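Structure file my_file.txt with compact mmCIF, C-alpha atoms:
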# COMPACT_ATOMS: atom_id res chain seq x y z
CA MET W 1 77.20 15.23 7.05
CA ALA W 2 74.04 13.90 5.39
CA ALA W 3 71.90 14.50 8.45
CA LYS W 4 72.87 18.15 8.39
CA HIS W 5 71.00 18.56 5.09
CA ALA W 6 68.01 16.36 6.00
CA LEU W 7 64.59 17.91 5.54
CA PRO W 8 61.68 16.67 7.68
CA VAL W 9 58.85 15.15 5.64
CA LEU W 10 55.34 16.03 6.77
CA ARG W 11 51.91 14.63 5.81
CA TRP W 12 53.35 11.45 4.32
CA SER W 13 50.00 9.71 3.91
CA SER W 14 48.61 12.75 2.03
CA ARG W 15 51.32 12.69 -0.60
CA VAL W 16 50.99 11.66 -4.23
CA PHE W 17 53.79 9.76 -5.95
CA SER W 18 54.78 9.99 -9.61
CA VAL W 19 56.99 7.56 -11.54
CA GLU W 20 58.20 8.42 -15.05
CA LEU W 21 58.15 5.50 -17.48
CA ASN W 22 58.85 5.95 -21.19
CA GLY W 23 58.38 9.70 -20.89
CA ALA W 24 54.97 9.53 -19.20
CA PRO W 25 54.08 9.94 -15.50
CA PHE W 26 52.25 7.22 -13.54
CA TYR W 27 50.61 8.38 -10.31
CA PHE W 28 49.70 6.57 -7.09
CA ALA W 29 48.74 7.49 -3.53
CA LEU W 30 48.47 5.83 -0.12
CA ALA W 31 45.44 4.67 1.89
CA ASP W 32 44.54 2.54 4.89
CA ARG W 33 42.66 0.03 2.75
CA PRO W 34 43.35 -1.42 -0.70
CA GLU W 35 41.22 -0.73 -3.73
CA ALA W 36 39.82 -3.26 -6.17
CA GLU W 37 42.75 -2.87 -8.55
CA ALA W 38 46.34 -1.74 -8.16
CA PRO W 39 47.52 1.47 -9.88
CA ARG W 40 48.55 1.03 -13.50
CA LEU W 41 52.24 1.25 -12.59
CA PHE W 42 52.04 -1.82 -10.34
CA GLY W 43 49.53 -3.65 -12.46
CA GLN W 44 52.05 -4.03 -15.27
CA LEU W 45 54.98 -5.23 -13.15
CA PRO W 46 56.18 -8.84 -13.59
CA ARG W 47 55.39 -11.22 -10.78
CA ALA W 48 57.96 -11.91 -8.05
CA ARG W 49 59.69 -8.59 -8.66
CA ARG W 50 60.36 -6.38 -5.67
CA CYS W 51 60.18 -2.60 -5.92
CA PHE W 52 61.92 0.16 -4.00
CA SER W 53 62.03 3.94 -3.99
CA LEU W 54 64.67 6.43 -2.84
CA LEU W 55 63.66 10.05 -2.20
CA LEU W 56 65.99 12.95 -1.44
CA ARG W 57 65.09 15.22 1.47
CA SER W 58 67.89 17.78 1.43
CA ALA W 59 67.19 21.34 2.57
CA ASP W 60 70.21 22.59 0.58
CA ARG W 61 69.11 23.04 -3.06
CA VAL W 62 72.61 22.89 -4.56
CA HIS W 63 73.49 19.86 -2.44
CA ALA W 64 70.21 18.20 -3.48
CA ALA W 65 70.79 18.87 -7.18
CA ARG W 66 74.27 17.38 -7.13
CA LEU W 67 73.26 14.49 -4.91
CA HIS W 68 70.45 13.59 -7.32
CA ALA W 69 72.95 13.40 -10.19
CA ARG W 70 75.48 11.38 -8.15
CA LEU W 71 72.78 9.03 -6.93
CA ARG W 72 71.56 8.38 -10.48
CA ASP W 73 75.12 7.62 -11.63
CA ALA W 74 75.73 5.32 -8.66
CA LEU W 75 72.52 3.38 -9.23
CA LEU W 76 73.16 2.96 -12.95
CA ARG W 77 76.69 1.80 -12.20
CA GLU W 78 76.05 -0.53 -9.24
CA LEU W 79 72.60 -2.02 -9.76
CA PRO W 80 72.27 -5.43 -11.44
CA PRO W 81 71.56 -5.06 -15.17
CA GLU W 82 68.10 -6.62 -14.75
CA CYS W 83 66.95 -3.75 -12.52
CA ARG W 84 64.72 -1.10 -14.01
CA LEU W 85 65.39 2.46 -12.82
CA ALA W 86 62.95 5.35 -13.32
CA PRO W 87 62.74 8.98 -12.15
CA MET W 88 60.28 9.51 -9.32
CA CYS W 89 58.90 12.31 -7.17
CA SER W 90 56.54 12.76 -4.23
CA PHE W 91 54.43 15.87 -3.67
CA LEU W 92 51.49 17.41 -1.88
CA PRO W 93 48.87 18.43 -4.49
CA GLU W 94 48.74 22.19 -5.09
CA VAL W 95 51.37 22.82 -2.37
CA ARG W 96 54.31 24.81 -3.70
CA ASP W 97 57.85 23.56 -3.03
CA SER W 98 56.57 20.26 -1.62
CA VAL W 99 58.27 18.10 -4.27
CA LEU W 100 60.79 15.43 -3.23
CA ARG W 101 62.77 13.92 -6.10
CA GLY W 102 64.33 10.50 -6.37
CA PHE W 103 64.13 7.15 -8.12
CA PHE W 104 61.86 4.10 -8.37
CA LEU W 105 63.47 0.69 -8.85
CA GLN W 106 62.09 -2.60 -10.03
CA ASP W 107 64.47 -5.30 -8.85
CA GLY W 108 65.71 -8.18 -10.96
CA PRO W 109 64.59 -11.82 -10.59
CA ASP W 110 67.73 -13.02 -8.79
CA SER W 111 67.36 -14.25 -5.22
CA PRO W 112 69.07 -13.27 -3.05
CA SER W 113 69.52 -9.88 -4.71
CA PRO W 114 72.30 -7.36 -3.91
CA THR W 115 69.87 -4.46 -4.45
CA PRO W 116 68.49 -4.05 -0.88
CA ARG W 117 71.96 -3.87 0.64
CA LEU W 118 73.10 -1.29 -1.92
CA LEU W 119 70.03 0.87 -1.34
CA GLU W 120 70.42 0.66 2.43
CA ALA W 121 74.03 1.85 2.17
CA LEU W 122 73.10 4.77 -0.07
CA ALA W 123 70.12 5.76 2.07
CA GLN W 124 72.16 5.71 5.28
CA GLN W 125 75.05 7.65 3.75
CA HIS W 126 72.88 10.43 2.31
CA ALA W 127 69.87 10.54 4.68
CA LEU W 128 67.51 9.35 1.93
CA LEU W 129 63.98 8.06 2.37
CA LEU W 130 64.00 4.37 1.45
CA CYS W 131 60.70 2.58 0.79
CA SER W 132 59.94 -0.96 -0.28
CA TYR W 133 56.79 -2.14 -2.06
CA THR W 134 55.44 -5.67 -1.60
CA PRO W 135 52.48 -7.37 -3.31
CA ASP W 136 49.97 -9.81 -1.90
CA ARG W 137 49.87 -13.37 -3.23
CA GLU W 138 47.66 -12.48 -6.20
CA HIS W 139 49.70 -9.35 -7.04
CA ARG W 140 46.49 -7.33 -6.97
CA HIS W 141 47.37 -5.15 -3.99
CA TRP W 142 50.66 -3.54 -3.00
CA THR W 143 51.85 -2.14 0.32
CA GLN W 144 54.45 0.55 0.93
CA HIS W 145 56.90 0.26 3.85
CA VAL W 146 59.11 3.18 4.95
CA TRP W 147 62.48 2.15 6.40
CA SER W 148 64.61 3.80 9.04
CA LEU W 149 68.34 3.11 8.76
CA GLU W 150 69.59 4.99 11.79
CA GLY W 151 72.24 3.20 13.78
CA GLY W 152 73.11 0.99 10.84
CA THR W 153 70.09 -1.27 11.21
CA ARG W 154 67.01 -1.43 9.01
CA VAL W 155 63.72 -0.98 10.83
CA ASP W 156 60.27 -0.76 9.28
CA VAL W 157 58.83 2.52 10.62
CA GLY W 158 55.96 2.72 8.14
CA THR W 159 52.41 1.73 8.88
CA GLY W 160 52.15 -0.51 5.83
CA LEU W 161 49.94 1.86 3.86
CA CYS W 162 48.22 0.45 0.78
CA VAL W 163 49.20 1.70 -2.64
CA VAL W 164 46.10 3.01 -4.44
CA CYS W 165 45.22 4.85 -7.63
CA SER W 166 45.52 8.63 -7.84
CA GLU W 167 44.18 11.00 -10.45
CA ALA W 168 46.72 12.91 -12.49
CA PRO W 169 47.15 16.46 -11.15
CA ARG W 170 46.04 19.41 -13.26
CA CYS W 171 49.68 20.23 -14.04
CA HIS W 172 52.85 18.18 -13.83
CA PRO W 173 54.22 18.16 -10.23
CA ALA W 174 57.40 19.89 -11.44
CA ALA W 175 55.30 23.05 -11.80
CA LEU W 176 55.13 23.23 -7.99
CA SER W 177 58.85 23.97 -7.70
CA MET W 178 59.86 25.68 -10.96
CA ILE W 179 60.32 29.20 -9.60
CA ASN W 180 63.98 29.75 -8.64
CA SER W 181 64.74 26.17 -9.56
CA ASP W 182 64.08 25.97 -13.31
CA VAL W 183 63.01 29.57 -14.01
CA PHE W 184 64.49 32.51 -12.11
CA ARG W 185 62.42 35.62 -11.49
CA THR W 186 65.28 38.04 -10.68
CA PHE W 187 68.99 38.49 -11.28
CA GLN W 188 69.67 38.14 -7.56
CA ASP W 189 67.88 34.79 -7.39
CA ALA W 190 70.01 33.32 -10.19
CA ARG W 191 73.24 34.80 -8.86
CA ASP W 192 72.55 33.40 -5.39
CA VAL W 193 72.65 29.86 -6.81
CA LEU W 194 76.03 30.46 -8.44
CA THR W 195 77.50 31.87 -5.25
CA GLU W 196 76.45 28.69 -3.42
CA VAL W 197 78.43 26.50 -5.83
CA ARG W 198 81.69 25.24 -4.38
CA LEU W 199 83.82 25.23 -7.51
CA SER W 200 86.92 27.36 -7.86
CA LYS W 201 86.09 28.17 -11.47
CA CYS W 202 82.70 29.48 -10.44
CA VAL W 203 84.38 32.23 -8.44
CA CYS W 204 85.45 33.75 -11.75
CA VAL W 205 81.88 33.60 -13.01
CA CYS W 206 80.55 35.28 -9.88
CA VAL W 207 83.12 38.07 -10.15
CA CYS W 208 82.07 38.59 -13.75
CA VAL W 209 78.33 38.69 -13.07
CA CYS W 210 78.52 40.77 -9.91
CA VAL W 211 79.41 43.83 -11.98
CA CYS W 212 76.30 43.33 -14.10
CA VAL W 213 73.82 46.18 -13.67
CA CYS W 214 70.19 45.08 -13.73
CA VAL W 215 68.62 47.03 -16.57
CA PRO W 216 65.06 48.40 -16.17
CA PRO W 217 62.39 47.68 -18.80
CA LEU W 218 63.11 49.28 -22.16
CA SER W 219 62.12 52.94 -22.33
CA CYS W 220 61.32 55.15 -25.29
CA SER W 221 64.69 56.91 -24.86
CA LEU W 222 66.46 53.79 -26.16
CA CYS W 223 66.69 52.45 -29.70
CA SER W 224 64.92 49.19 -30.48
CA VAL W 225 66.11 45.85 -29.11
CA LEU W 226 65.01 42.97 -31.36
CA VAL W 227 65.19 39.33 -30.24
CA VAL W 228 65.15 36.34 -32.59
CA GLU W 229 64.13 33.01 -31.04
CA GLY W 230 63.56 29.51 -32.38
CA LEU W 231 64.73 25.92 -32.27
CA ASP W 232 68.11 25.01 -33.70
CA ALA W 233 68.35 25.01 -37.52
CA THR W 234 65.43 27.39 -38.01
CA GLY W 235 67.70 30.08 -39.46
CA LYS W 236 68.37 32.32 -36.44
CA THR W 237 72.04 32.97 -37.18
CA THR W 238 71.42 33.88 -40.81
CA LEU W 239 68.49 36.14 -39.94
CA THR W 240 70.20 37.94 -37.04
CA GLU W 241 73.26 38.67 -39.15
CA SER W 242 71.07 39.93 -42.00
CA LEU W 243 69.10 42.16 -39.61
CA ARG W 244 72.34 43.56 -38.23
CA ASP W 245 73.47 44.54 -41.71
CA ALA W 246 70.07 45.86 -42.85
CA LEU W 247 69.48 47.99 -39.74
CA GLY W 248 73.04 48.99 -38.95
CA ALA W 249 72.52 47.27 -35.61
CA VAL W 250 74.77 45.65 -33.01
CA LEU W 251 74.42 41.85 -32.81
CA LEU W 252 74.56 40.17 -29.38
CA ARG W 253 74.07 36.60 -28.26
CA SER W 254 72.95 35.00 -25.01
CA PRO W 255 74.85 33.68 -23.17
CA PRO W 256 77.42 36.33 -24.09
CA GLN W 257 81.01 35.72 -25.12
CA SER W 258 82.24 36.83 -21.69
CA LEU W 259 80.71 33.68 -20.15
CA ALA W 260 81.82 31.31 -22.95
CA PRO W 261 84.79 29.85 -20.99
CA TRP W 262 82.39 28.40 -18.40
CA ARG W 263 79.54 27.26 -20.65
CA ALA W 264 80.82 23.70 -21.12
CA LEU W 265 81.41 23.42 -17.37
CA PHE W 266 77.83 24.35 -16.50
CA ASP W 267 76.36 22.24 -19.31
CA ARG W 268 77.71 19.24 -17.36
CA GLU W 269 76.17 20.40 -14.08
CA PRO W 270 72.66 19.47 -12.77
CA PRO W 271 69.72 21.48 -14.16
CA LEU W 272 69.54 23.91 -11.19
CA LEU W 273 73.08 25.17 -11.74
CA ARG W 274 72.78 25.09 -15.53
CA ARG W 275 69.58 27.16 -15.48
CA ALA W 276 71.07 29.70 -13.08
CA PHE W 277 74.10 30.12 -15.36
CA TYR W 278 71.96 30.75 -18.45
CA ALA W 279 69.67 33.09 -16.50
CA VAL W 280 72.66 35.17 -15.43
CA GLY W 281 73.82 35.17 -19.05
CA ASN W 282 70.56 36.90 -20.01
CA TYR W 283 71.25 39.71 -17.54
CA VAL W 284 74.80 40.19 -18.79
CA THR W 285 73.45 40.36 -22.36
CA ALA W 286 70.75 42.78 -21.19
CA GLU W 287 73.35 45.09 -19.66
CA GLN W 288 75.29 45.10 -22.94
CA ALA W 289 72.11 45.64 -24.98
CA GLY W 290 71.03 48.54 -22.76
CA GLN W 291 74.35 50.30 -23.28
CA GLN W 292 74.35 49.78 -27.06
CA ALA W 293 70.67 50.76 -27.43
CA MET W 294 71.53 54.27 -26.25
CA LYS W 295 72.99 54.90 -29.70
CA THR W 296 71.96 52.14 -32.16
CA PRO W 297 69.44 49.32 -32.68
CA VAL W 298 70.37 45.96 -31.13
CA VAL W 299 69.64 42.45 -32.41
CA VAL W 300 69.87 39.56 -29.91
CA ASP W 301 70.22 35.90 -30.93
CA ARG W 302 68.14 34.12 -28.23
CA PHE W 303 67.25 35.64 -24.89
CA TRP W 304 65.02 34.91 -21.88
CA HIS W 305 62.31 33.17 -23.94
CA SER W 306 64.72 30.34 -24.85
CA THR W 307 66.06 30.00 -21.32
CA ALA W 308 62.54 29.73 -19.87
CA ALA W 309 60.96 27.59 -22.61
CA TYR W 310 63.66 24.91 -22.54
CA ALA W 311 63.77 24.88 -18.73
CA ILE W 312 60.00 24.44 -18.43
CA ALA W 313 59.83 21.79 -21.16
CA THR W 314 62.70 19.81 -19.62
CA ALA W 315 61.23 19.85 -16.10
CA VAL W 316 57.87 18.51 -17.31
CA SER W 317 57.28 15.13 -18.96
CA GLY W 318 54.44 13.85 -21.11
CA PRO W 319 52.28 15.94 -23.46
CA PRO W 320 52.09 19.77 -23.40
CA SER W 321 48.90 19.55 -21.34
CA GLY W 322 51.12 18.94 -18.30
CA LEU W 323 52.77 22.37 -18.60
CA PRO W 324 51.92 25.06 -16.04
CA ASP W 325 48.65 26.76 -16.89
CA PRO W 326 48.69 29.73 -19.30
CA GLY W 327 49.08 32.89 -17.26
CA SER W 328 51.23 31.19 -14.62
CA GLU W 329 53.96 33.36 -13.12
CA VAL W 330 56.54 31.00 -14.59
CA TYR W 331 55.79 32.52 -18.04
CA ARG W 332 55.93 36.16 -16.94
CA TRP W 333 58.86 38.33 -17.96
CA PRO W 334 61.22 39.18 -15.03
CA ALA W 335 60.59 42.71 -13.78
CA ASP W 336 64.31 43.54 -13.53
CA LEU W 337 65.26 42.33 -17.04
CA LEU W 338 65.43 44.58 -20.09
CA ARG W 339 62.23 44.20 -22.12
CA PRO W 340 62.77 43.85 -25.91
CA SER W 341 60.81 45.92 -28.43
CA LEU W 342 60.02 42.85 -30.55
CA VAL W 343 60.52 39.09 -30.21
CA VAL W 344 60.34 36.98 -33.37
CA LEU W 345 59.94 33.20 -33.04
CA LEU W 346 61.07 31.31 -36.13
CA THR W 347 59.01 28.17 -36.80
CA LEU W 348 59.77 25.37 -39.23
CA ASP W 349 58.34 22.01 -40.26
CA PRO W 350 60.03 19.33 -38.11
CA GLU W 351 61.22 17.29 -41.09
CA GLU W 352 62.76 20.36 -42.77
CA ARG W 353 64.47 21.32 -39.50
CA ARG W 354 65.97 17.83 -39.17
CA ARG W 355 67.21 18.02 -42.78
CA ARG W 356 68.94 21.32 -42.04
CA LEU W 357 70.54 19.84 -38.93
CA ARG W 358 71.89 16.90 -40.93
CA ASP W 359 73.30 19.24 -43.57
CA ARG W 360 74.91 21.39 -40.89
CA GLY W 361 76.71 18.41 -39.33
CA GLN W 362 77.55 20.19 -36.07
CA GLY W 363 77.62 18.75 -32.55
CA LYS W 364 74.42 18.89 -30.52
CA THR W 365 73.62 19.55 -26.88
CA GLU W 366 71.55 17.03 -24.92
CA GLU W 367 68.46 19.22 -25.31
CA GLU W 368 69.01 19.44 -29.08
CA ARG W 369 69.22 15.64 -29.26
CA GLN W 370 65.94 15.44 -27.37
CA LEU W 371 64.32 17.76 -29.91
CA ASP W 372 65.34 15.35 -32.66
CA HIS W 373 64.16 12.14 -31.01
CA ASN W 374 61.37 13.18 -28.65
CA GLN W 375 58.34 14.70 -30.32
CA LEU W 376 56.63 15.45 -27.00
CA PHE W 377 59.65 17.43 -25.80
CA ARG W 378 59.61 19.51 -28.99
CA LEU W 379 55.88 20.14 -28.59
CA ARG W 380 56.41 21.23 -24.97
CA VAL W 381 59.17 23.65 -25.97
CA GLU W 382 57.04 25.17 -28.73
CA GLU W 383 54.01 25.53 -26.45
CA ALA W 384 56.11 27.10 -23.68
CA TYR W 385 57.39 29.67 -26.20
CA ARG W 386 53.80 30.54 -27.08
CA ARG W 387 52.74 30.97 -23.45
CA ILE W 388 55.48 33.41 -22.43
CA SER W 389 54.16 36.95 -22.08
CA GLY W 390 55.47 40.47 -21.66
CA PRO W 391 56.54 40.57 -24.51
CA PRO W 392 55.06 37.56 -26.33
CA CYS W 393 56.72 35.86 -29.29
CA ILE W 394 55.46 36.65 -32.79
CA ALA W 395 55.68 33.43 -34.81
CA VAL W 396 57.16 33.71 -38.30
CA ASP W 397 57.38 30.82 -40.79
CA ALA W 398 61.08 30.28 -41.56
CA SER W 399 60.59 28.02 -44.59
CA PRO W 400 60.93 30.76 -47.29
CA SER W 401 64.33 31.78 -48.61
CA ALA W 402 66.67 33.75 -46.36
CA ASP W 403 65.99 36.98 -48.28
CA GLN W 404 62.20 36.52 -48.20
CA LEU W 405 62.35 35.82 -44.46
CA LEU W 406 64.45 38.96 -43.90
CA GLN W 407 61.96 41.13 -45.79
CA GLN W 408 59.05 39.66 -43.83
CA VAL W 409 60.75 40.37 -40.49
CA LEU W 410 61.77 43.88 -41.59
CA LEU W 411 58.10 44.65 -42.21
CA LEU W 412 57.37 43.61 -38.63
CA VAL W 413 60.25 45.69 -37.32
CA ARG W 414 59.16 48.86 -39.16
CA SER W 415 55.55 48.50 -38.05
CA ARG W 416 56.29 47.84 -34.38
CA CYS W 417 59.62 49.43 -33.48
CA CYS W 418 61.22 52.87 -33.19
CA LEU W 419 64.34 52.85 -35.36
Would you mind writing the file out in structure tokens?
Amino acid sequence: MAAKHALPVLRWSSRVFSVELNGAPFYFALADRPEAEAPRLFGQLPRARRCFSLLLRSADRVHAARLHARLRDALLRELPPECRLAPMCSFLPEVRDSVLRGFFLQDGPDSPSPTPRLLEALAQQHALLLCSYTPDREHRHWTQHVWSLEGGTRVDVGTGLCVVCSEAPRCHPAALSMINSDVFRTFQDARDVLTEVRLSKCVCVCVCVCVCVCVPPLSCSLCSVLVVEGLDATGKTTLTESLRDALGAVLLRSPPQSLAPWRALFDREPPLLRRAFYAVGNYVTAEQAGQQAMKTPVVVDRFWHSTAAYAIATAVSGPPSGLPDPGSEVYRWPADLLRPSLVVLLTLDPEERRRRLRDRGQGKTEEERQLDHNQLFRLRVEEAYRRISGPPCIAVDASPSADQLLQQVLLLVRSRCCL
């Protein structure tokens, strides 16, 4: 069954490899001859430790997403506790959709170790690419070996290429495969992922979303559609409810209530399926907003900006400089999604936001926990918000009182919208 999904890997020696350690990527490449010094990743490894990598090469995106999650769980469960496991990918620089995802392992000191046998079994079962990395006597130079496990035997099919330093790419390698993986450009693209999911509950979701009519960009014949964005605990709920009352508007949220029964299910799924679910939720909300805007203003609590910003920031690691370049298509508003009249982004000092979260005492999603404990993730989310265009977010300081904030936003609404 695994071979059915196997994807051929071309230009192996031209690939760059990235290993994520402590939230930062370390890059290396391959060459016929060693360099004076090993890449930073290998230079800091303890002596007498073996290293391995497993890369997925599935042509089925849903299968690959679920296999990646299952493989991570299996490795964390079965590997000796001394092993160090890190996310890894391989890619061709500037070549879209060339990314292979997997894991890099630093084995424990025990000899003999159960790790090679476990990796061989996993690689053979799932048609994974298994590589080993061996140092010379001085641990200055490392060599990569690619293994073939066909027929149940391990054979070194690699040429023993040397591991050498590689410059960091202009953008994080995840940017090469974000479209229709992390960020969806059309309703059909997101719905296609859900229809590929083999879960009985997902059939109900697909039936629900299939009736959704893709709404064209907002026209002057409609009333205003206002979107309020921002991190958790910035005051979105209070402001959206106040705007509803002040403007006599209809208040909607994304994802909408009609998809609420399946939200917890998809929050437990791999990122591909989770992003597709939230993307479809935007289109369902857009269909509702388009209908309501025929007769009254509409206020929306979170919309496509949140879906895209969190997806982009999660896919990329390290500082915001690794995000896709400003102007990239990943930031552009989908052509088939209703375009709001105004998007307000509430901003707040990080310490004040954490205080509000503590006072609120509610449960958090995994991404919300990252915002609390990972400053780089928060910075990436905020920068992704700023880079989204068509329409862009207008940042508003949310530190004043709720009434002062409402009056400030109402001034924006009256100056920019048709009420």
All residues 8 Å or closer to region 183-187 of chain W, all atoms listed in the file, same chain fewer than 6 positions away omitted, as an NGL selection string: :W and (214 or 275-276 or 279-280 or 283 or 307-308 or 311-312 or 330 or 333-337)
Residue neighbourhood Ala398 (chain W), 6 Å, only C-alpha atoms, exclusion window fewer than 2 positions, as a list in words: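 Everything that qualifies: Leu346, Thr347, Leu348 and Pro400 of chain W.
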Residue nearest Leu251 (chain W) among W:Val227, W:Leu67, W:Cys171, W:Val193 (counting only C-alpha atoms): W:Val227
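Proximity to Gln106 (chain W) was assessed for W:Leu54, W:Ala64, W:Ala29, W:Leu92 counting only C-alpha atoms; the smallest distance is recorded for W:Leu54.
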Coordinates-based distance that separates CA of Arg66 (chain W) from CA of Glu269 (chain W) (Å, one decimal): 7.8 Å
Residue with smallest distance to Ser18 (chain W) - pool W:Leu410, W:Ala59, W:Ala174, W:Leu76, counting only C-alpha atoms: W:Ala174
Coordinates-based distance that separates CA of Leu376 (chain W) from CA of Leu357 (chain W) (Å, one decimal): 18.8 Å
Neighbour list for Arg356 (chain W) as a list in words, cut-off 10 Å, all atoms listed in the file, skip fewer than 6 positions in-chain: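 Once the adjacent positions are removed, what remains is Asp232, Ala233, Thr234, Gly235 and Pro350 of chain W.
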Coordinates-based distance that separates CA of Ala313 (chain W) from CA of Asp182 (chain W) (Å, one decimal):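 According to the coordinates, CA of Asp182 (chain W) and CA of Ala313 (chain W) are separated by 9.9 Å.
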Ser317 (chain W) surroundings by all atoms listed in the file, 12 Å radius, close-in-sequence under 2 positions cut, as a ChimeraX atom specification: /W:18-26,87-88,171-175,311-315,319-324,374-381
Distance query 6 Å from (77.4, 26.8, -9.2) using only C-alpha atoms, result as a ChimeraX atom specification: /W:194,197,273
Test item: residues at most 9 Å from Asp301 (chain W), all atoms listed in the file, excluding those fewer than 6 positions along its chain, as a list in words: Leu226, Val227, Val228, Glu229, Lys236, Thr237, Thr240, Leu251, Leu252, Arg253 and Ser254 of chain W
Residue among W:Leu265, W:Ala384, W:Ala121, W:Leu342 lying closest to Cys417 (chain W), counting only C-alpha atoms: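 Nearest candidate to Cys417 (chain W) out of W:Leu265, W:Ala384, W:Ala121, W:Leu342: W:Leu342.
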Counting all atoms listed in the file, I want the residues whose atoms come within 12 Å of (76.9, 43.1, -31.9) in the file frame, returned as a tab-separated table (two decimals) with C-alpha atoms, in the frame of the given file.
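This is the output file out_10.tsv:
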chain	number	residue	atom	x	y	z
W	225	VAL	CA	66.11	45.85	-29.11
W	226	LEU	CA	65.01	42.97	-31.36
W	240	THR	CA	70.20	37.94	-37.04
W	241	GLU	CA	73.26	38.67	-39.15
W	243	LEU	CA	69.10	42.16	-39.61
W	244	ARG	CA	72.34	43.56	-38.23
W	245	ASP	CA	73.47	44.54	-41.71
W	247	LEU	CA	69.48	47.99	-39.74
W	248	GLY	CA	73.04	48.99	-38.95
W	249	ALA	CA	72.52	47.27	-35.61
W	250	VAL	CA	74.77	45.65	-33.01
W	251	LEU	CA	74.42	41.85	-32.81
W	252	LEU	CA	74.56	40.17	-29.38
W	253	ARG	CA	74.07	36.60	-28.26
W	254	SER	CA	72.95	35.00	-25.01
W	256	PRO	CA	77.42	36.33	-24.09
W	257	GLN	CA	81.01	35.72	-25.12
W	285	THR	CA	73.45	40.36	-22.36
W	288	GLN	CA	75.29	45.10	-22.94
W	289	ALA	CA	72.11	45.64	-24.98
W	291	GLN	CA	74.35	50.30	-23.28
W	292	GLN	CA	74.35	49.78	-27.06
W	293	ALA	CA	70.67	50.76	-27.43
W	296	THR	CA	71.96	52.14	-32.16
W	297	PRO	CA	69.44	49.32	-32.68
W	298	VAL	CA	70.37	45.96	-31.13
W	299	VAL	CA	69.64	42.45	-32.41
W	300	VAL	CA	69.87	39.56	-29.91
W	301	ASP	CA	70.22	35.90	-30.93
Top pick for closest residue to Arg33 (chain W), considering W:Ser53, W:Thr195, W:Ser306, W:Thr143 and counting all atoms listed in the file: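 Closest candidate: W:Thr143.
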